[in-house]
Every structure is written in structure tokens, then in C-alpha cells.
file start-v9.txt (compact mmCIF, C-alpha atoms and all ligand atoms)
# COMPACT_ATOMS: atom_id res chain seq x y z
CA MET A 20 54.91 -226.01 107.60
CA SER A 21 55.89 -222.70 109.12
CA ILE A 22 55.12 -222.53 112.85
CA VAL A 23 55.46 -219.40 114.94
CA VAL A 24 55.78 -219.71 118.74
CA ARG A 25 54.79 -216.58 120.65
CA THR A 26 52.81 -215.33 123.64
CA ILE A 27 49.12 -214.83 122.92
CA THR A 28 46.97 -211.71 123.12
CA ASN A 29 43.98 -211.30 125.40
CA ASP A 30 41.63 -211.84 122.43
CA GLU A 31 43.26 -215.15 121.59
CA PHE A 32 42.84 -216.59 125.09
CA ASP A 33 39.52 -218.46 124.59
CA SER A 34 40.73 -220.21 121.44
CA TRP A 35 43.99 -220.99 123.24
CA VAL A 36 42.08 -222.76 126.07
CA ARG A 37 39.88 -224.63 123.58
CA ARG A 38 42.95 -225.78 121.64
CA SER A 39 44.78 -226.80 124.80
CA VAL A 40 41.84 -228.93 125.97
CA LEU A 41 41.50 -230.37 122.44
CA GLY A 42 45.19 -231.41 122.70
CA PHE A 43 44.09 -233.62 125.62
CA THR A 44 41.14 -234.90 123.54
CA GLY A 45 38.52 -232.91 125.44
CA HIS A 46 36.10 -230.03 124.91
CA ALA A 47 36.35 -226.82 126.94
CA SER A 48 33.15 -225.64 128.66
CA ASP A 49 32.24 -221.95 129.02
CA GLU A 50 32.75 -222.33 132.79
CA LEU A 51 36.30 -223.60 132.24
CA LEU A 52 37.05 -220.63 129.95
CA ARG A 53 35.90 -218.25 132.68
CA VAL A 54 37.90 -219.89 135.51
CA ALA A 55 41.02 -220.27 133.34
CA ARG A 56 40.95 -216.61 132.34
CA SER A 57 40.81 -215.33 135.90
CA GLY A 58 44.29 -216.70 136.71
CA ALA A 59 45.97 -216.37 133.33
CA GLU A 60 49.36 -214.67 132.94
CA MET A 61 49.08 -213.61 129.28
CA ASP A 62 52.75 -212.72 128.97
CA ARG A 63 53.60 -216.30 129.97
CA THR A 64 50.93 -218.05 127.89
CA PHE A 65 52.44 -219.41 124.68
CA GLY A 66 50.82 -220.64 121.50
CA ALA A 67 52.33 -222.38 118.49
CA PHE A 68 50.61 -220.85 115.48
CA ASP A 69 50.13 -222.48 112.07
CA GLY A 70 48.91 -219.36 110.28
CA ASP A 71 46.10 -218.07 112.53
CA ASP A 72 45.46 -221.50 113.96
CA ILE A 73 46.74 -222.40 117.45
CA VAL A 74 48.16 -225.93 117.20
CA GLY A 75 50.26 -226.06 120.38
CA THR A 76 49.90 -224.59 123.88
CA THR A 77 51.91 -224.17 127.05
CA THR A 78 51.94 -221.75 129.94
CA THR A 79 54.23 -220.80 132.83
CA ARG A 80 52.85 -220.02 136.27
CA THR A 81 55.01 -217.66 138.31
CA SER A 82 55.82 -219.65 141.41
CA ALA A 83 58.44 -220.62 144.00
CA ILE A 84 59.51 -223.79 145.75
CA THR A 85 60.77 -224.58 149.25
CA VAL A 86 64.38 -225.78 149.24
CA PRO A 87 66.62 -226.52 152.24
CA GLY A 88 67.14 -223.16 153.93
CA GLY A 89 64.67 -221.08 151.91
CA SER A 90 62.50 -220.64 148.87
CA VAL A 91 63.60 -220.29 145.22
CA LYS A 92 61.75 -218.59 142.35
CA MET A 93 60.37 -221.04 139.86
CA GLY A 94 58.49 -221.14 136.56
CA PHE A 95 55.82 -223.85 136.70
CA VAL A 96 54.98 -225.31 133.29
CA ASP A 97 51.37 -226.26 132.63
CA ASP A 98 48.81 -226.92 129.85
CA VAL A 99 51.36 -228.49 127.49
CA ALA A 100 49.58 -229.84 124.42
CA VAL A 101 50.10 -230.18 120.67
CA LEU A 102 47.14 -231.06 118.44
CA SER A 103 47.15 -234.62 117.13
CA THR A 104 47.29 -233.18 113.58
CA HIS A 105 50.67 -231.60 114.33
CA ARG A 106 52.49 -234.05 116.64
CA ARG A 107 56.11 -235.20 116.36
CA GLN A 108 57.20 -232.26 114.25
CA GLY A 109 59.23 -230.55 116.96
CA ILE A 110 56.53 -228.10 118.16
CA LEU A 111 56.83 -229.00 121.86
CA THR A 112 60.61 -228.73 121.58
CA ARG A 113 60.29 -225.18 120.23
CA MET A 114 57.76 -224.16 122.87
CA MET A 115 59.94 -225.54 125.69
CA ARG A 116 62.96 -223.66 124.43
CA THR A 117 61.06 -220.35 124.26
CA GLN A 118 59.59 -220.91 127.71
CA LEU A 119 62.93 -221.76 129.37
CA GLU A 120 64.60 -218.75 127.73
CA GLN A 121 61.89 -216.52 129.20
CA MET A 122 62.44 -218.02 132.68
CA ARG A 123 66.15 -217.35 132.34
CA GLU A 124 65.50 -213.72 131.36
CA ARG A 125 63.22 -213.36 134.38
CA GLY A 126 65.82 -214.71 136.78
CA GLU A 127 63.95 -217.88 137.73
CA PRO A 128 66.63 -220.50 138.57
CA LEU A 129 64.18 -223.43 138.55
CA SER A 130 61.36 -224.82 136.49
CA ALA A 131 58.96 -227.65 137.35
CA LEU A 132 56.07 -229.59 135.87
CA THR A 133 54.08 -232.79 136.26
CA ALA A 134 54.16 -235.16 133.31
CA SER A 135 51.31 -237.00 131.64
CA GLU A 136 53.89 -239.57 130.53
CA SER A 137 57.38 -240.15 131.90
CA LEU A 138 58.98 -240.43 128.44
CA ILE A 139 58.62 -236.80 127.46
CA TYR A 140 60.65 -234.41 129.58
CA GLU A 141 64.08 -235.84 130.34
CA ARG A 142 65.27 -234.75 126.90
CA PHE A 143 64.58 -231.15 127.99
CA GLY A 144 66.71 -231.50 131.15
CA TYR A 145 63.89 -232.22 133.63
CA GLY A 146 64.44 -234.97 136.22
CA ILE A 147 62.14 -236.65 138.74
CA ALA A 148 62.72 -234.65 141.93
CA THR A 149 59.76 -235.93 143.96
CA TRP A 150 57.68 -239.11 144.05
CA TYR A 151 54.38 -239.90 145.69
CA HIS A 152 52.35 -242.87 146.78
CA GLN A 153 48.80 -243.47 145.77
CA TRP A 154 47.05 -245.25 148.66
CA LYS A 155 44.12 -247.62 148.98
CA ILE A 156 43.02 -249.32 152.19
CA ASP A 157 40.06 -251.41 153.30
CA ARG A 158 38.43 -249.57 156.19
CA ARG A 159 38.19 -252.76 158.29
CA HIS A 160 42.01 -252.83 158.51
CA THR A 161 42.74 -249.27 159.54
CA ALA A 162 43.30 -249.73 163.28
CA MET A 163 46.27 -247.75 164.58
CA ASN A 164 48.85 -249.00 167.08
CA THR A 165 49.82 -245.55 168.32
CA HIS A 166 47.05 -243.14 169.00
CA PRO A 167 47.48 -239.56 167.77
CA LYS A 168 47.62 -236.75 170.26
CA GLY A 169 46.57 -233.74 168.24
CA GLY A 170 44.85 -232.10 171.20
CA GLY A 171 42.02 -230.63 169.13
CA ARG A 172 38.83 -231.59 167.28
CA VAL A 173 37.55 -232.19 163.75
CA GLN A 174 34.64 -230.21 162.32
CA PHE A 175 32.99 -229.73 158.94
CA ILE A 176 33.55 -226.39 157.21
CA SER A 177 31.85 -224.87 154.16
CA ALA A 178 33.38 -224.70 150.69
CA ASP A 179 33.80 -220.93 151.11
CA ALA A 180 35.64 -221.42 154.41
CA ALA A 181 37.85 -224.09 152.80
CA ARG A 182 38.79 -221.62 150.04
CA GLU A 183 39.87 -219.19 152.76
CA GLU A 184 41.67 -221.69 154.98
CA TRP A 185 43.56 -223.87 152.48
CA PRO A 186 45.88 -221.11 151.17
CA ARG A 187 46.62 -219.99 154.74
CA LEU A 188 47.44 -223.46 156.11
CA HIS A 189 49.38 -224.45 153.00
CA ALA A 190 51.54 -221.30 153.04
CA ASN A 191 52.31 -221.91 156.69
CA VAL A 192 53.29 -225.59 156.32
CA ARG A 193 55.18 -224.94 153.07
CA LYS A 194 57.82 -222.83 154.82
CA ASN A 195 59.40 -225.92 156.38
CA ARG A 196 58.68 -228.67 153.91
CA VAL A 197 61.19 -229.10 151.07
CA GLY A 198 59.47 -229.57 147.71
CA MET A 199 56.26 -227.70 148.50
CA VAL A 200 55.27 -225.14 145.90
CA HIS A 201 53.87 -221.64 146.25
CA TYR A 202 50.31 -221.46 144.94
CA ASP A 203 48.58 -218.20 144.15
CA THR A 204 44.89 -217.40 144.62
CA ALA A 205 44.09 -218.42 141.04
CA TYR A 206 45.57 -221.86 141.65
CA TRP A 207 43.48 -222.42 144.77
CA ARG A 208 40.38 -221.17 142.97
CA SER A 209 40.90 -223.71 140.22
CA VAL A 210 41.74 -226.73 142.43
CA LEU A 211 38.84 -226.12 144.82
CA TRP A 212 36.50 -225.06 142.03
CA ASP A 213 34.66 -228.44 142.17
CA ALA A 214 32.88 -228.27 138.80
CA GLU A 215 30.58 -231.15 137.90
CA TYR A 216 32.88 -232.43 135.15
CA GLN A 217 35.81 -232.68 137.60
CA ARG A 218 33.91 -235.09 139.84
CA ASP A 219 33.78 -238.08 137.53
CA GLY A 220 30.62 -239.47 139.11
CA ALA A 221 31.66 -238.68 142.71
CA THR A 222 30.07 -236.23 145.18
CA GLU A 223 31.02 -232.59 145.62
CA PHE A 224 33.94 -232.00 147.98
CA PHE A 225 33.54 -232.43 151.74
CA HIS A 226 35.87 -230.27 153.81
CA VAL A 227 36.84 -230.89 157.44
CA ALA A 228 39.11 -228.75 159.57
CA TYR A 229 41.21 -229.82 162.52
CA MET A 230 40.77 -227.14 165.17
CA ARG A 231 43.18 -226.35 167.97
CA GLY A 232 41.20 -223.87 169.97
CA ASP A 233 39.89 -221.43 167.36
CA ARG A 234 42.71 -222.06 164.96
CA VAL A 235 42.59 -224.27 161.86
CA SER A 236 45.67 -226.51 162.22
CA GLY A 237 44.82 -229.14 159.64
CA LEU A 238 42.48 -229.68 156.70
CA CYS A 239 41.12 -232.60 154.73
CA THR A 240 39.18 -232.39 151.46
CA TYR A 241 37.54 -235.50 150.03
CA ARG A 242 34.76 -236.82 147.84
CA ARG A 243 32.70 -240.01 148.07
CA ARG A 244 32.09 -242.38 145.21
CA GLU A 245 29.73 -245.25 146.11
CA ARG A 246 31.24 -246.83 149.29
CA ALA A 247 34.72 -245.26 148.95
CA ILE A 248 36.10 -241.88 149.93
CA MET A 249 38.81 -240.25 147.87
CA VAL A 250 41.08 -237.94 149.85
CA PHE A 251 42.40 -235.22 147.56
CA PHE A 252 44.15 -233.01 150.08
CA LEU A 253 45.12 -233.77 153.67
CA LEU A 254 47.57 -231.52 155.46
CA GLY A 255 48.34 -230.71 159.08
CA GLU A 256 50.79 -228.53 160.95
CA ASP A 257 52.34 -231.69 162.43
CA ALA A 258 52.19 -235.48 162.15
CA GLU A 259 49.81 -235.86 165.12
CA ILE A 260 47.24 -233.64 163.44
CA GLU A 261 47.53 -235.52 160.17
CA ALA A 262 47.08 -238.82 162.02
CA GLU A 263 43.94 -237.43 163.70
CA LEU A 264 42.58 -236.50 160.28
CA TRP A 265 43.30 -240.03 159.02
CA GLN A 266 41.56 -241.43 162.07
CA TYR A 267 38.57 -239.29 161.17
CA CYS A 268 38.61 -240.64 157.57
CA PHE A 269 38.91 -244.22 158.84
CA GLY A 270 35.93 -243.71 161.13
CA ILE A 271 33.30 -242.68 158.57
CA ASP A 272 30.42 -245.16 158.83
CA LEU A 273 29.21 -247.02 155.73
CA ILE A 274 32.49 -246.40 153.92
CA LEU A 275 34.36 -249.53 152.85
CA GLU A 276 37.51 -248.11 151.29
CA ILE A 277 39.75 -245.05 151.61
CA GLN A 278 41.82 -243.86 148.65
CA ALA A 279 44.35 -241.04 148.82
CA TRP A 280 47.06 -239.31 146.80
CA PRO A 281 49.58 -237.78 146.47
CA ARG A 282 51.06 -239.03 149.76
CA ALA A 283 54.73 -238.60 150.69
CA THR A 284 56.82 -241.74 150.27
CA ASP A 285 58.03 -241.34 153.87
CA ASP A 286 54.58 -240.59 155.32
CA PRO A 287 54.56 -242.00 158.88
CA LEU A 288 50.97 -243.29 158.65
CA VAL A 289 52.09 -246.74 157.53
CA TRP A 290 54.04 -247.09 160.80
CA ARG A 291 50.93 -246.29 162.82
CA LEU A 292 48.85 -249.03 161.26
CA GLU A 293 48.46 -252.30 163.13
CA ASP A 294 48.34 -254.18 159.84
CA PRO A 295 50.58 -252.11 157.51
CA ARG A 296 50.45 -254.57 154.60
CA ARG A 297 46.80 -253.61 154.15
CA LEU A 298 47.85 -250.20 152.93
CA GLU A 299 48.23 -250.69 149.18
CA MET A 300 50.73 -248.23 147.71
CA ILE A 301 51.49 -247.41 144.10
CA LEU A 302 54.61 -245.34 143.46
CA MET A 303 54.28 -242.49 140.96
CA ASP A 304 56.69 -239.83 139.68
CA HIS A 305 55.43 -236.42 140.75
CA MET A 306 57.44 -233.24 140.27
CA TRP A 307 59.86 -232.99 137.35
CA LEU A 308 62.39 -230.28 138.10
CA ARG A 309 64.82 -228.42 135.85
CA LEU A 310 67.71 -226.15 136.79
CA VAL A 311 67.25 -223.16 134.47
CA ASP A 312 70.36 -221.57 135.95
CA VAL A 313 72.70 -224.11 137.59
CA ARG A 314 74.85 -221.52 139.34
CA GLU A 315 71.91 -219.63 140.89
CA ALA A 316 69.91 -222.74 141.78
CA LEU A 317 72.82 -224.29 143.67
CA SER A 318 73.84 -221.05 145.38
CA GLU A 319 70.31 -220.51 146.70
CA ARG A 320 69.83 -223.77 148.59
CA GLY A 321 71.37 -224.77 151.92
CA TYR A 322 73.48 -227.92 152.42
CA ALA A 323 73.56 -230.52 155.19
CA ASP A 324 77.35 -230.74 155.19
CA PRO A 325 79.83 -227.86 154.75
CA ALA A 326 82.10 -229.11 151.96
CA SER A 327 83.13 -228.30 148.41
CA LEU A 328 82.53 -230.25 145.25
CA THR A 329 83.53 -229.84 141.62
CA PHE A 330 81.21 -231.28 139.05
CA ARG A 331 80.71 -231.31 135.29
CA VAL A 332 77.16 -230.82 133.98
CA HIS A 333 76.15 -231.68 130.44
CA ASP A 334 73.25 -229.56 129.28
CA LYS A 335 72.51 -229.60 125.56
CA PHE A 336 69.04 -228.05 125.79
CA CYS A 337 70.12 -225.03 127.90
CA PRO A 338 73.72 -224.64 126.68
CA TRP A 339 74.35 -221.65 128.97
CA ASN A 340 74.53 -224.19 131.85
CA ASP A 341 76.93 -226.62 130.20
CA GLY A 342 80.33 -226.69 131.97
CA THR A 343 82.27 -227.40 135.17
CA TYR A 344 81.39 -225.82 138.51
CA LEU A 345 82.78 -225.49 142.01
CA LEU A 346 80.17 -225.65 144.77
CA GLU A 347 81.35 -224.39 148.16
CA ALA A 348 78.95 -224.85 151.06
CA SER A 349 79.42 -223.45 154.53
CA GLU A 350 77.29 -222.76 157.60
CA ASP A 351 76.60 -219.26 156.24
CA GLY A 352 75.41 -220.28 152.80
CA ALA A 353 76.69 -221.57 149.52
CA GLU A 354 78.46 -220.27 146.46
CA CYS A 355 78.57 -221.92 143.08
CA SER A 356 80.92 -220.70 140.35
CA ARG A 357 82.54 -221.84 137.12
CA THR A 358 85.91 -223.54 137.50
CA ASN A 359 88.79 -224.87 135.43
CA SER A 360 89.53 -227.55 138.03
CA ALA A 361 88.98 -231.19 137.23
CA PRO A 362 85.45 -232.40 138.05
CA GLN A 363 85.00 -234.91 140.87
CA ILE A 364 81.69 -236.08 139.48
CA GLU A 365 80.06 -235.79 136.04
CA LEU A 366 76.37 -235.89 135.26
CA GLY A 367 73.56 -234.70 132.99
CA ALA A 368 71.19 -231.80 133.66
CA SER A 369 68.21 -234.06 134.43
CA ASP A 370 70.21 -236.07 137.01
CA LEU A 371 71.32 -232.92 138.79
CA ALA A 372 67.67 -231.83 138.85
CA ALA A 373 66.55 -235.21 140.26
CA ALA A 374 69.10 -234.96 143.10
CA TYR A 375 68.62 -231.22 143.75
CA LEU A 376 65.99 -231.55 146.51
CA GLY A 377 67.57 -234.64 148.05
CA GLY A 378 64.92 -237.01 146.66
CA VAL A 379 67.56 -239.38 145.26
CA THR A 380 71.25 -239.68 146.10
CA PHE A 381 74.08 -239.25 143.58
CA SER A 382 75.27 -242.74 144.61
CA THR A 383 71.96 -244.28 143.56
CA LEU A 384 72.12 -242.44 140.24
CA ALA A 385 75.71 -243.68 139.80
CA ARG A 386 74.57 -247.25 140.50
CA ALA A 387 71.96 -246.71 137.77
CA GLY A 388 74.80 -245.83 135.39
CA ARG A 389 73.78 -242.17 135.17
CA VAL A 390 76.46 -240.34 137.21
CA THR A 391 80.23 -240.86 136.97
CA GLU A 392 82.64 -240.50 139.88
CA HIS A 393 86.13 -239.24 138.92
CA ALA A 394 87.63 -238.80 142.41
CA PRO A 395 87.26 -241.36 145.22
CA CYS A 396 84.58 -240.67 147.86
CA SER A 397 83.07 -237.75 145.87
CA LEU A 398 79.69 -239.41 145.48
CA ALA A 399 79.46 -240.00 149.24
CA LYS A 400 80.45 -236.37 149.84
CA ALA A 401 77.83 -235.08 147.37
CA ASP A 402 75.21 -237.30 149.05
CA ARG A 403 76.04 -235.84 152.47
CA MET A 404 75.85 -232.28 151.14
CA PHE A 405 72.48 -232.63 149.38
CA ARG A 406 70.80 -234.81 152.03
CA THR A 407 67.44 -233.56 153.32
CA GLU A 408 65.79 -234.55 156.57
CA ARG A 409 62.64 -235.83 154.88
CA GLN A 410 61.78 -236.90 151.37
CA PRO A 411 60.84 -233.83 149.32
CA TRP A 412 57.10 -233.74 148.68
CA SER A 413 54.36 -231.45 147.53
CA LEU A 414 50.66 -231.60 148.15
CA GLU A 415 49.46 -231.17 144.59
CA LEU A 416 50.85 -229.61 141.43
C1 LIG B 501 53.37 -234.65 124.53
C2 LIG B 501 53.21 -233.70 123.33
C3 LIG B 501 52.99 -232.29 123.86
C4 LIG B 501 54.47 -233.76 122.46
O1 LIG B 501 54.41 -232.75 121.48
P1 LIG B 501 55.23 -232.88 120.10
O2 LIG B 501 55.16 -231.54 119.42
O3 LIG B 501 54.76 -234.05 119.37
O4 LIG B 501 56.70 -233.12 120.63
P2 LIG B 501 58.05 -232.96 119.76
O5 LIG B 501 57.75 -233.23 118.31
O6 LIG B 501 58.72 -231.66 120.06
O7 LIG B 501 58.89 -234.16 120.36
C5 LIG B 501 60.19 -234.06 120.84
C6 LIG B 501 60.71 -235.45 121.10
O8 LIG B 501 59.96 -236.03 122.17
C7 LIG B 501 59.40 -237.28 121.76
N1 LIG B 501 58.08 -237.36 122.37
C8 LIG B 501 57.18 -236.39 122.45
N2 LIG B 501 56.07 -236.83 123.09
C9 LIG B 501 56.31 -238.11 123.41
C10 LIG B 501 55.55 -239.10 124.07
N3 LIG B 501 54.33 -238.84 124.51
N4 LIG B 501 56.11 -240.31 124.23
C11 LIG B 501 57.36 -240.57 123.77
N5 LIG B 501 58.14 -239.65 123.13
C12 LIG B 501 57.60 -238.44 122.96
C13 LIG B 501 59.34 -237.18 120.25
O9 LIG B 501 59.32 -238.46 119.67
C14 LIG B 501 60.59 -236.40 119.93
O10 LIG B 501 61.70 -237.28 119.98
P3 LIG B 501 62.99 -237.09 119.02
O11 LIG B 501 63.51 -235.70 119.34
O12 LIG B 501 63.88 -238.18 119.43
O13 LIG B 501 62.44 -237.18 117.64
C15 LIG B 501 51.98 -234.11 122.48
O14 LIG B 501 52.15 -235.44 122.06
C16 LIG B 501 50.64 -234.01 123.22
O15 LIG B 501 50.01 -232.97 123.21
N6 LIG B 501 50.15 -235.10 123.87
C17 LIG B 501 48.87 -235.12 124.54
C18 LIG B 501 48.80 -234.16 125.73
C19 LIG B 501 49.95 -234.40 126.70
O16 LIG B 501 50.24 -235.51 127.08
N7 LIG B 501 50.60 -233.29 127.09
C20 LIG B 501 51.73 -233.32 128.02
C21 LIG B 501 51.22 -232.90 129.34
S1 LIG B 501 52.45 -233.03 130.57
call {"tool": "encode", "arguments": {"input": "start-v9.txt", "output": "C-alpha cells", "more": "lines below"}}
Ligand SMILES: CC(C)(COP(=O)(O)OP(=O)(O)OC[C@H]1O[C@@H](n2cnc3c(N)ncnc32)[C@H](O)[C@@H]1OP(=O)(O)O)[C@@H](O)C(=O)NCCC(=O)NCCS
result
Amino acid sequence: MSIVVRTITNDEFDSWVRRSVLGFTGHASDELLRVARSGAEMDRTFGAFDGDDIVGTTTTRTSAITVPGGSVKMGFVDDVAVLSTHRRQGILTRMMRTQLEQMRERGEPLSALTASESLIYERFGYGIATWYHQWKIDRRHTAMNTHPKGGGRVQFISADAAREEWPRLHANVRKNRVGMVHYDTAYWRSVLWDAEYQRDGATEFFHVAYMRGDRVSGLCTYRRRERAIMVFFLLGEDAEIEAELWQYCFGIDLILEIQAWPRATDDPLVWRLEDPRRLEMILMDHMWLRLVDVREALSERGYADPASLTFRVHDKFCPWNDGTYLLEASEDGAECSRTNSAPQIELGASDLAAAYLGGVTFSTLARAGRVTEHAPCSLAKADRMFRTERQPWSLEL
């Protein structure tokens, strides 16, 4: 079998979408083809071709992610699928390599994705950088012990208004929340599209805004299925506003249960509940991150502790990263360069990616047998440097 991996042409786009959906054992509707096309970046949309037939798909969305002290350019991988007739023959591996090489050429130090299964991506150097909780709570047990002081009011807004307001609020909150991802207009169009087939028997979206004066300071988007509401997106400019939006959700008459995801693992809501055990939480891996360029990625984030660290990274899949580095962090920024000095810690590319946003410490990874300490106290030093104030989190990916 001779497979060619390349970007597709405009004319090939519809078959590409159909093949991608088929890879997930689905059928693409005409409406999906139309919405998908409006946001497509053709020069980042890859197909694996068996003759004229597309048998594998993947795409990269041009994006960025909030890191401590700023925002870093990122290639977001999506629509990964290989037809069941062609699986386990190395097609995904070839597509990933082509895609990562393109990100490197474009100067994107990071790549991210969400995984349908957690067994797939570590081999390509991706690590779990953020986690989320999936929540479920019986409405009768949602009383709060501290009452939020948002200082505003909740009101319904139309779907059109929600399409206007979500990008604005999200861009504003994203600036200060490590892990949040830049979404373009096409992304918002597709997540708030609300097609019948996306509802899975539930209602259309309801949108409520939290208003401070005339300003939208928080938003909540949910559906109802039977006697439960499912909160897809809930975001506020501060914790008081988010708590007011939860109080709104908990106050909807006739509803018996509230479900929500993806919620941050350090979300304060649980501490506001009088009966916290009632909040059922399932932990899920969320964003898988990869350092496409170790030197750039580490130079572009800020550090909690001014210190220097030498470390050895093993990176078979992106061999240009493989080697030993010196990371020097100061109040004014950070510099990461190659070094001949002995490494203080040693780790794989996916472990460095998992620790990059501060979502897990190097010490924890060492206790899991994944990171090696060569010089005393180096793990503790690395932990202090990479620490972030809150758990990294993103609303949706
Ligand atoms: C996941 C998927 C894209 C893998 O494509 P593929 O072309 O079969 O992958 P490759 O042949 O390049 O596999 C590379 C390695 O990953 C392993 N692998 C791939 N998918 C795996 C999975 N789902 N579970 C466990 N291992 C997997 C392979 O066994 C292989 O291991 P090896 O190198 O030790 O032999 C394909 O199975 C698929 O389309 N699945 C359904 C849609 C989906 O889940 N997409 C991912 C969305 S995030």
C-alpha cells in the first residue's frame, strides 16, 4: 500500500469531511459540510491518500494558549481519523509527523489536542496538561453556605446575542487564565451552531447573561433533557459572578438534576455547597499538550521562582528537541538554551508537556517513575519554578 500524506485542495474538502466523519463511524450532513468549510484552513488540512481515496484526515487550527506571563502560538490538532479499512498501518503516525513539521516551520512552539482515547498520543510526545471534572448534582442538595455577591442580574439573551457575547467575554477572561485557548470566529460559529444532530434528544441551547449595569460579565449556555439541565459553558469575569450563575442554574423550577463539564479541578463551587459530597465529580483528561520547540516554549513562559535548571529531554518523535538544556528564569523573563552541563533532571517530551502549564509537579511525575532527579533538590526547584496560582484549565477545546 502506497499512502501519500499531503494538504488537500479546495475541491477535495467535501470528501475530506465525509471521510473524517466516516472515520468516527458517522455520516456527514450537507449542513455540516457547509459549517466546516466556512472555518477551514486548507493549507493546514491534511489527507492521507490511497490513490485518489482519502483514508486518513487531520487538521491544524491556528491558535494560541495563555501561559504564565503571556500567550504562546499554538497549532491545535483536530479531526484526526483513519478509516477502519486502513487502521494500524502507521497512517496516523505519518500524518502527525507532517503536521508537527509544519508547526515547526511556522514557528509555533506548542501543539495541543483533546483525545478520544488516552492511549493514543503519548507516543507522539503529547502529555496531559489539563484535567477537568464532569459534575452531576441533585437540585435538592444545592444550597450554598456563602452567598455570592456579584452585584448584578441574570437575564436571557438570544442565540444571536450569545454568538456576539461569548467571543468577547472569553477573550477577556482568557488573558489571565493559564490554559485557556484562543478561539477564532469559525470556532465559535461551530460550537454555538446548535444543529439538531448535536442535541442528542435535548432542547436547543438556552443562553443567560450576567449583567453588571449594561455590561455582560458572565454567560451560561445550557440545554434541558427531560428533568435535567446540561451546562455546556459557564464563565464569569470573577468567582462571584460564576457562583451567581450557578445559583441561577440551581434555582430553575421543575429541574431535578444539574450536569456540567468541563469544570476546573480547583473550581471553588464545591466549597460553597452546604453538602459538598452531593456534587458527584468524574475526573477526565482534557488538553494534551506538546512542545514543538522546547527552547522557544520554555523561553516564552514566565516562572514563579527566579532560578536556573538544567534538564535532559528525550524526544524521539521530534528529534530536533532531543538534548540537554539550561533554563534561566529571572524577574524580567526567561531564556532557554542548549548546554553541555550535566542535567539535574531527566524526562521525556510528554512529561515536560504535562508539567509545562503547572498542572502536575515534576515531583509527582518522579514519584510515578517518569522523571529522574540527578542532583539533590532539583525536583523541588523545578516545581517552584513551574508552579501556577491556579490549576490550568480551558473552557472547551
Ligand atoms: C486513532 C486512530 C486515528 C489511529 O490511527 P492509525 O493509523 O491506526 O494509527 P497508527 O497505525 O499510526 O498507530 C500508531 C501506534 O498507535 C497505536 N494506536 C493507535 N490508535 C490506538 C488506539 N485507539 N488505542 C491504542 N493504541 C493505538 C498503534 O497500535 C500503533 O502502535 P505501535 O507503534 O506500537 O504499533 C484511528 O484508530 C481512528 O481513526 N480511530 C477512530 C477515531 C478516533 O478515535 N480518532 C482520534 C480522535 S482524537
call {"tool": "residues_near_ligand", "arguments": {"input": "start-v9.txt", "ligand": "ligand LIG 501 (chain B)", "cutoff": "8 Å", "atoms": "all atoms listed in the file", "output": "MDAnalysis selection string"}}
result
chainID A and resid 42:44 75 97:103 105:113 132:140 142
call {"tool": "residues_around", "arguments": {"input": "start-v9.txt", "residues": "Tyr202 of chain A", "least_positions_apart": "3", "cutoff": "8 Å", "atoms": "only C-alpha atoms", "output": "JSON, numbers by chain"}}
result
{"A": [82, 186, 205, 206, 207]}
call {"tool": "atom_distance", "arguments": {"input": "start-v9.txt", "atom1": "atom CA of Gly352 of chain A", "atom2": "atom CA of His305 of chain A"}}
result
28.4 Å
call {"tool": "closest_residue", "arguments": {"input": "start-v9.txt", "among": "A:Met249, A:Val86, A:Thr104, A:Arg296", "to": "Asp69 of chain A", "atoms": "all atoms listed in the file"}}
result
A:Thr104
call {"tool": "residues_around", "arguments": {"input": "start-v9.txt", "residues": "segment 261-278 of chain A", "least_positions_apart": "3", "cutoff": "7 Å", "atoms": "all atoms listed in the file", "output": "list in words"}}
result
Trp154, Lys155, Ile156, Asp157, Arg158, Thr161, Pro167, Gly169, Gly237, Cys239, Arg246, Ala247, Ile248, Met249, Val250, Leu254, Gly255, Asp257, Ala258 and Leu288 of chain A
call {"tool": "atom_distance", "arguments": {"input": "start-v9.txt", "atom1": "atom CA of Arg389 of chain A", "atom2": "atom CA of Leu371 of chain A"}}
result
10.2 Å
call {"tool": "residues_around", "arguments": {"input": "start-v9.txt", "residues": "Lys194 of chain A", "least_positions_apart": "3", "cutoff": "10 Å", "atoms": "all atoms listed in the file", "output": "PyMOL selection string"}}
result
chain A and resi 84-90+189-191+197-201
call {"tool": "atom_distance", "arguments": {"input": "start-v9.txt", "atom1": "atom CA of Ala131 of chain A", "atom2": "atom CA of Met93 of chain A"}}
result
7.2 Å
call {"tool": "residues_around", "arguments": {"input": "start-v9.txt", "residues": "Ala326 of chain A", "least_positions_apart": "6", "cutoff": "7 Å", "atoms": "all atoms listed in the file", "output": "mmCIF file with C-alpha atoms, in the coordinates of the input"}}
result
data_model
loop_
_atom_site.group_PDB
_atom_site.id
_atom_site.type_symbol
_atom_site.label_atom_id
_atom_site.label_comp_id
_atom_site.auth_asym_id
_atom_site.auth_seq_id
_atom_site.Cartn_x
_atom_site.Cartn_y
_atom_site.Cartn_z
ATOM 1 C CA GLU A 347 81.350 -224.390 148.160
ATOM 2 C CA ALA A 348 78.950 -224.850 151.060
ATOM 3 C CA SER A 349 79.420 -223.450 154.530
#
call {"tool": "closest_residue", "arguments": {"input": "start-v9.txt", "among": "A:Pro295, A:Ala181, A:Val313, A:Ala353", "to": "Asn340 of chain A", "atoms": "only C-alpha atoms"}}
result
A:Val313
call {"tool": "residues_around", "arguments": {"input": "start-v9.txt", "residues": "Leu345 of chain A", "least_positions_apart": "3", "cutoff": "8 Å", "atoms": "only C-alpha atoms", "output": "list in words"}}
result
Ser327, Leu328, Thr329, Phe330, Cys355, Ser356, Arg357 and Thr358 of chain A
